[in-house]
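Enquirer: Got a structure for you, questions after.
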Amino acid sequence: MNIDVSSNRDLDPVSLAQKLIRCKSVTPCDDGVVDLAAGFLRSVGFQTHIIESGPPDWHIKNLYAKFGHRSPNLAVIGHLDVVPAGNMSDWKYDPFAAYIEDGILTGRGSVDMKSGFACAAVAAKSIVDRSFDGAISFLVTGDEEVGTEHGTRAILKWCFDRSIKFDACLVAEPTGTGNLGQAFCIGHRGSLNVELASRGIQGHVANPEKASNPLTPLIEYLHFMKAKIWDKGDGIFPPTNLEITSIDVGNSTPNLIPSSAQAKLNIRYNRLHSAESLIKDLKLARNFFSPSPDNLSIEAQYNSDFFICEDKSLINNMFSAIKEVLEIEPKISAGGGTTDGRFISKYCPVVEFGVPEDEMHKANESIAVNDLIKLTEIYKVFYKNFFGTKFK
Ligand SMILES: [Zn+2]
């Protein structure tokens, strides 16, 4: 069936994005943003459920909204919390005024990611207006920017407790840089946080032979690991990369060799590695710089594994939706920072596409209004492609 995806012009993603931005929903504060989103989705026919999670000092409001009872069930996930505005004097306009000038919408969350939610929600109206053999579910968290336990993971637990299953997922997070539609994501690298502790013997800097400086092997080791080429990427995944994020000694005395030093690093790794293989490599290299493992301890503190969408049909749906609306061929990538898509990727294939990410978290975060109109059209075509033959 030929579907007119450009109908329902009464629904405007720009005004919905403005209303969402005007809620000061800096994590964990909600400021009415989830009720606003739920009210919109109810107005177009969704059933909504507020899912609350977290202790009193980190009380998070999340939303699950569903239309339809058949399969396939397409999950659309996103977040409505934002990072703080930062230094207010750096902003040209009030970051929560959602001011539009010369076709540019400025405000905290205009890129990450209230606009993405607004476009996906408005586009959903084109689906729910029609009878189709499927379901569309919005999983909207208020805890993405800081934590994850009481956000998407709490929503997924709520869903699985009710035997709700998903067949595919669209993440409406900002994607790619430059113009809209340059790239979309089908996965992300894994992330491994590692803490190192180097132990030596305290002493006077004038008598180094009677001490053992823990900083020397630590710095040499970090320098060696930073220079290591882990791989060159594989076309979809960027290369694996190690970044040193902290070196701490806490020594305020200039003539004292300290007894210990700590460091932290993060490795973003692609599918050519695993957290276990990286830790093994880190420990193997330690032997060149430290007399014993006790002198330089290496501990993995946090790991989120890489994920990749293997569903060619879902990838083609997004590719052709972007191509149809923008008349360009997007790059397919697994770059950029990871998203909550990693949690649902264990259960169904995930694609991610939203506005360009260049401005996210910056002062004067802003997006072209025209991009929101186009993004809404792309989501409509994506929904149409996904549910395609399922329409009655
Ligand atoms: Zn985001």
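Residues in the structure tokens are named by chain (A, B, ... in the order shown) and by number from 1 within that chain; ligands are numbered from 1 in the order shown.
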Between region 169-254 of chain A and region 112-115 of chain A, at 10 Å or less, what are the per-residue closest atom pairs and their distances in Å? Count only C-alpha atoms, order by chain and rising residue number, and return it as a Markdown table.
Expert:
| residue | atom | partner | partner_atom | distance |
| --- | --- | --- | --- | --- |
| A:Ala172 | CA | A:Met113 | CA | 7.5 |
| A:Glu173 | CA | A:Met113 | CA | 5.9 |
| A:Pro174 | CA | A:Asp112 | CA | 6.2 |
| A:Thr175 | CA | A:Asp112 | CA | 9.8 |
Enquirer: Taking C-alpha atoms for each residue, export the selection above as a PDB file, in the first residue's frame.
Expert:
ATOM      1  CA  ALA A 172      16.740   8.860  18.482  1.00  0.00           C
ATOM      2  CA  GLU A 173      20.031  10.172  19.915  1.00  0.00           C
ATOM      3  CA  PRO A 174      22.148  12.724  18.006  1.00  0.00           C
ATOM      4  CA  THR A 175      24.207  10.980  15.328  1.00  0.00           C
TER       5      THR A 175
END
Enquirer: Would you list the residues that come within 12 Å of ligand 1? Count only C-alpha atoms and all ligand atoms and give the answer as a ChimeraX atom specification.
Expert: /A:27,77-83,108-117,140-146,148,171-175,336-341,352-357,359-361
Enquirer: If we count only C-alpha atoms, what is near Ala321 (chain A) at a cut-off of 12 Å, once residues fewer than 2 positions away on the same chain are taken out, given as a PyMOL selection string?
Expert: chain A and resi 5+181+184+314-319+323-330+353+374-386
Enquirer: With only C-alpha atoms as the basis for distance, which of A:Lys331, A:Lys165, A:Arg130, A:His204 is at the shortest distance from Leu74 (chain A)?
Expert: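 Answer, going by the shortest atom-to-atom distance: A:Lys165.
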Enquirer: So how many Å separate CA of Lys24 (chain A) and CA of Pro56 (chain A), to one decimal?
Expert: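 Atom-to-atom, CA of Lys24 (chain A) and CA of Pro56 (chain A) are spaced 19.1 Å apart.
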Enquirer: Find the spatial neighbours of His150 (chain A), counting only C-alpha atoms, within a cut-off of 9 Å - ignore same-chain residues fewer than 4 positions away - and output them as a list in words.
Expert: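 The residues satisfying every condition are Glu52, Ser53, Gly54, Trp58, His59, Ile60, Lys61, Asn62, Thr141, Gly142, Asp143, Glu144, Ala154 and Ile155 of chain A.
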Enquirer: Give me the residues near Asp358 (chain A) as JSON, numbers by chain, where near means some atom within 8 Å (using only C-alpha atoms) and where sequence neighbours in that chain fewer than 5 positions away do not count.
Expert: {"A": [176, 177, 178]}
Enquirer: If you measure from CA of Leu156 (chain A) to CA of Ile344 (chain A), what distance in Å do you get, rounded to one decimal?
Expert: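 So the two atoms, CA of Leu156 (chain A) and CA of Ile344 (chain A), lie 7.7 Å apart.
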Enquirer: Please return, as a list in words, all residues of region 30-95 of chain A that DSSP assigns to strand (DSSP E or B) on the basis of the backbone.
Expert: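 Checking each residue of region 30-95 of chain A, the strand (DSSP E or B) ones are Gln47, Thr48, His49, Ile50, Ile51, Glu52, Ser53, Ile60, Lys61, Asn62, Leu63, Tyr64, Ala65, Lys66, Phe67, Asn73, Leu74, Ala75, Val76, Ile77, Gly78, His79 and Val82 of chain A.
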Enquirer: Could you check which of A:Ile21, A:Ile267, A:Ile136, A:Ile244 is closest to Ala97 (chain A), using only C-alpha atoms?
Expert: A:Ile21
Enquirer: Between A:Glu220, A:Glu365, A:Glu310, A:Glu195, which has the minimum distance to Ser290 (chain A) (counting only C-alpha atoms)?
Expert: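 With only C-alpha atoms as the atom set, the closest residue is A:Glu220.
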Enquirer: Counting only C-alpha atoms, what is within 12 Å of Ala206 (chain A), bar same-chain residues fewer than 4 positions away, as a PDB file with C-alpha atoms, in the first residue's frame?
Expert:
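Okay, selection_6.pdb is ready:
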ATOM      1  CA  GLN A 202      58.983   6.827  50.128  1.00  0.00           C
ATOM      2  CA  LYS A 210      67.289   4.730  49.004  1.00  0.00           C
ATOM      3  CA  ALA A 211      63.724   5.096  47.697  1.00  0.00           C
ATOM      4  CA  PRO A 254      58.475  19.061  46.440  1.00  0.00           C
ATOM      5  CA  ASN A 255      61.401  17.116  48.002  1.00  0.00           C
ATOM      6  CA  LEU A 256      59.458  13.948  48.813  1.00  0.00           C
ATOM      7  CA  ILE A 257      59.402  10.822  46.680  1.00  0.00           C
TER       8      ILE A 257
END
Enquirer: Give the answer as one residue: which of A:Gly134, A:Gly388, A:Gly233, A:Gly187 has the shortest atom-to-atom distance to Ala75 (chain A), using only C-alpha atoms?
Expert: A:Gly134
Enquirer: Nearest residue to Leu278 (chain A) out of A:Phe40, A:Trp230, A:Trp158, A:Phe166, using only C-alpha atoms?
Expert: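 Once distances to Leu278 (chain A) are computed over only C-alpha atoms, the minimum belongs to A:Trp230.
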Enquirer: Quick check, in Å to one decimal: how far apart do CA of Phe306 (chain A) and CA of His188 (chain A) lie?
Expert: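 Between CA of Phe306 (chain A) and CA of His188 (chain A) the gap is 5.5 Å.
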Enquirer: Name the residues in contact with region 281-287 of chain A at a cut-off of 10 Å, using only C-alpha atoms, excluding same-chain residues fewer than 4 positions from it; report them as a ChimeraX atom specification.
Expert: /A:194,217-218,221-222,224-225,230,275-277,291-293,295-299
Enquirer: From a backbone DSSP assignment, name each residue in region 199-292 of chain A labelled alpha helix (DSSP H), as a PyMOL selection string.
Expert: chain A and resi 215-227+275-286
Enquirer: Dump N, CA and C atoms for the selected residues as a compact mmCIF listing (two decimals), in the first residue's frame?
Expert:
# COMPACT_ATOMS: atom_id res chain seq x y z
N LEU A 215 56.12 6.75 40.56
CA LEU A 215 55.68 7.48 39.36
C LEU A 215 56.46 7.06 38.11
N THR A 216 57.73 6.71 38.28
CA THR A 216 58.56 6.42 37.11
C THR A 216 58.02 5.24 36.31
N PRO A 217 57.82 4.04 36.93
CA PRO A 217 57.28 2.94 36.12
C PRO A 217 55.85 3.21 35.66
N LEU A 218 55.08 3.94 36.47
CA LEU A 218 53.70 4.23 36.08
C LEU A 218 53.65 5.08 34.81
N ILE A 219 54.47 6.12 34.77
CA ILE A 219 54.48 7.02 33.61
C ILE A 219 55.03 6.30 32.38
N GLU A 220 56.10 5.52 32.57
CA GLU A 220 56.67 4.77 31.43
C GLU A 220 55.65 3.77 30.88
N TYR A 221 54.96 3.12 31.79
CA TYR A 221 53.95 2.14 31.37
C TYR A 221 52.80 2.84 30.61
N LEU A 222 52.32 3.94 31.15
CA LEU A 222 51.21 4.66 30.50
C LEU A 222 51.63 5.17 29.12
N HIS A 223 52.87 5.65 29.04
CA HIS A 223 53.38 6.15 27.76
C HIS A 223 53.41 5.02 26.73
N PHE A 224 53.87 3.86 27.16
CA PHE A 224 53.94 2.69 26.27
C PHE A 224 52.55 2.27 25.81
N MET A 225 51.59 2.20 26.73
CA MET A 225 50.25 1.74 26.38
C MET A 225 49.54 2.76 25.49
N LYS A 226 49.78 4.05 25.74
CA LYS A 226 49.14 5.09 24.92
C LYS A 226 49.63 5.02 23.47
N ALA A 227 50.90 4.64 23.32
CA ALA A 227 51.48 4.60 21.96
C ALA A 227 51.09 3.33 21.20
N ALA A 275 36.81 -7.24 26.66
CA ALA A 275 37.36 -6.67 27.90
C ALA A 275 38.43 -7.60 28.47
N GLU A 276 38.20 -8.90 28.39
CA GLU A 276 39.15 -9.87 28.94
C GLU A 276 40.48 -9.84 28.18
N SER A 277 40.41 -9.76 26.83
CA SER A 277 41.66 -9.76 26.06
C SER A 277 42.44 -8.47 26.29
N LEU A 278 41.73 -7.36 26.50
CA LEU A 278 42.42 -6.09 26.76
C LEU A 278 43.12 -6.12 28.11
N ILE A 279 42.43 -6.63 29.11
CA ILE A 279 43.04 -6.71 30.46
C ILE A 279 44.27 -7.62 30.42
N LYS A 280 44.14 -8.69 29.67
CA LYS A 280 45.29 -9.61 29.52
C LYS A 280 46.48 -8.87 28.90
N ASP A 281 46.22 -8.08 27.85
CA ASP A 281 47.29 -7.31 27.21
C ASP A 281 47.89 -6.28 28.16
N LEU A 282 47.02 -5.62 28.92
CA LEU A 282 47.49 -4.61 29.88
C LEU A 282 48.41 -5.24 30.92
N LYS A 283 48.03 -6.42 31.37
CA LYS A 283 48.83 -7.10 32.41
C LYS A 283 50.13 -7.67 31.86
N LEU A 284 50.08 -8.12 30.61
CA LEU A 284 51.28 -8.66 29.97
C LEU A 284 52.33 -7.56 29.82
N ALA A 285 51.91 -6.38 29.38
CA ALA A 285 52.84 -5.26 29.17
C ALA A 285 53.43 -4.78 30.49
N ARG A 286 52.72 -4.98 31.57
CA ARG A 286 53.19 -4.54 32.89
C ARG A 286 54.54 -5.15 33.23
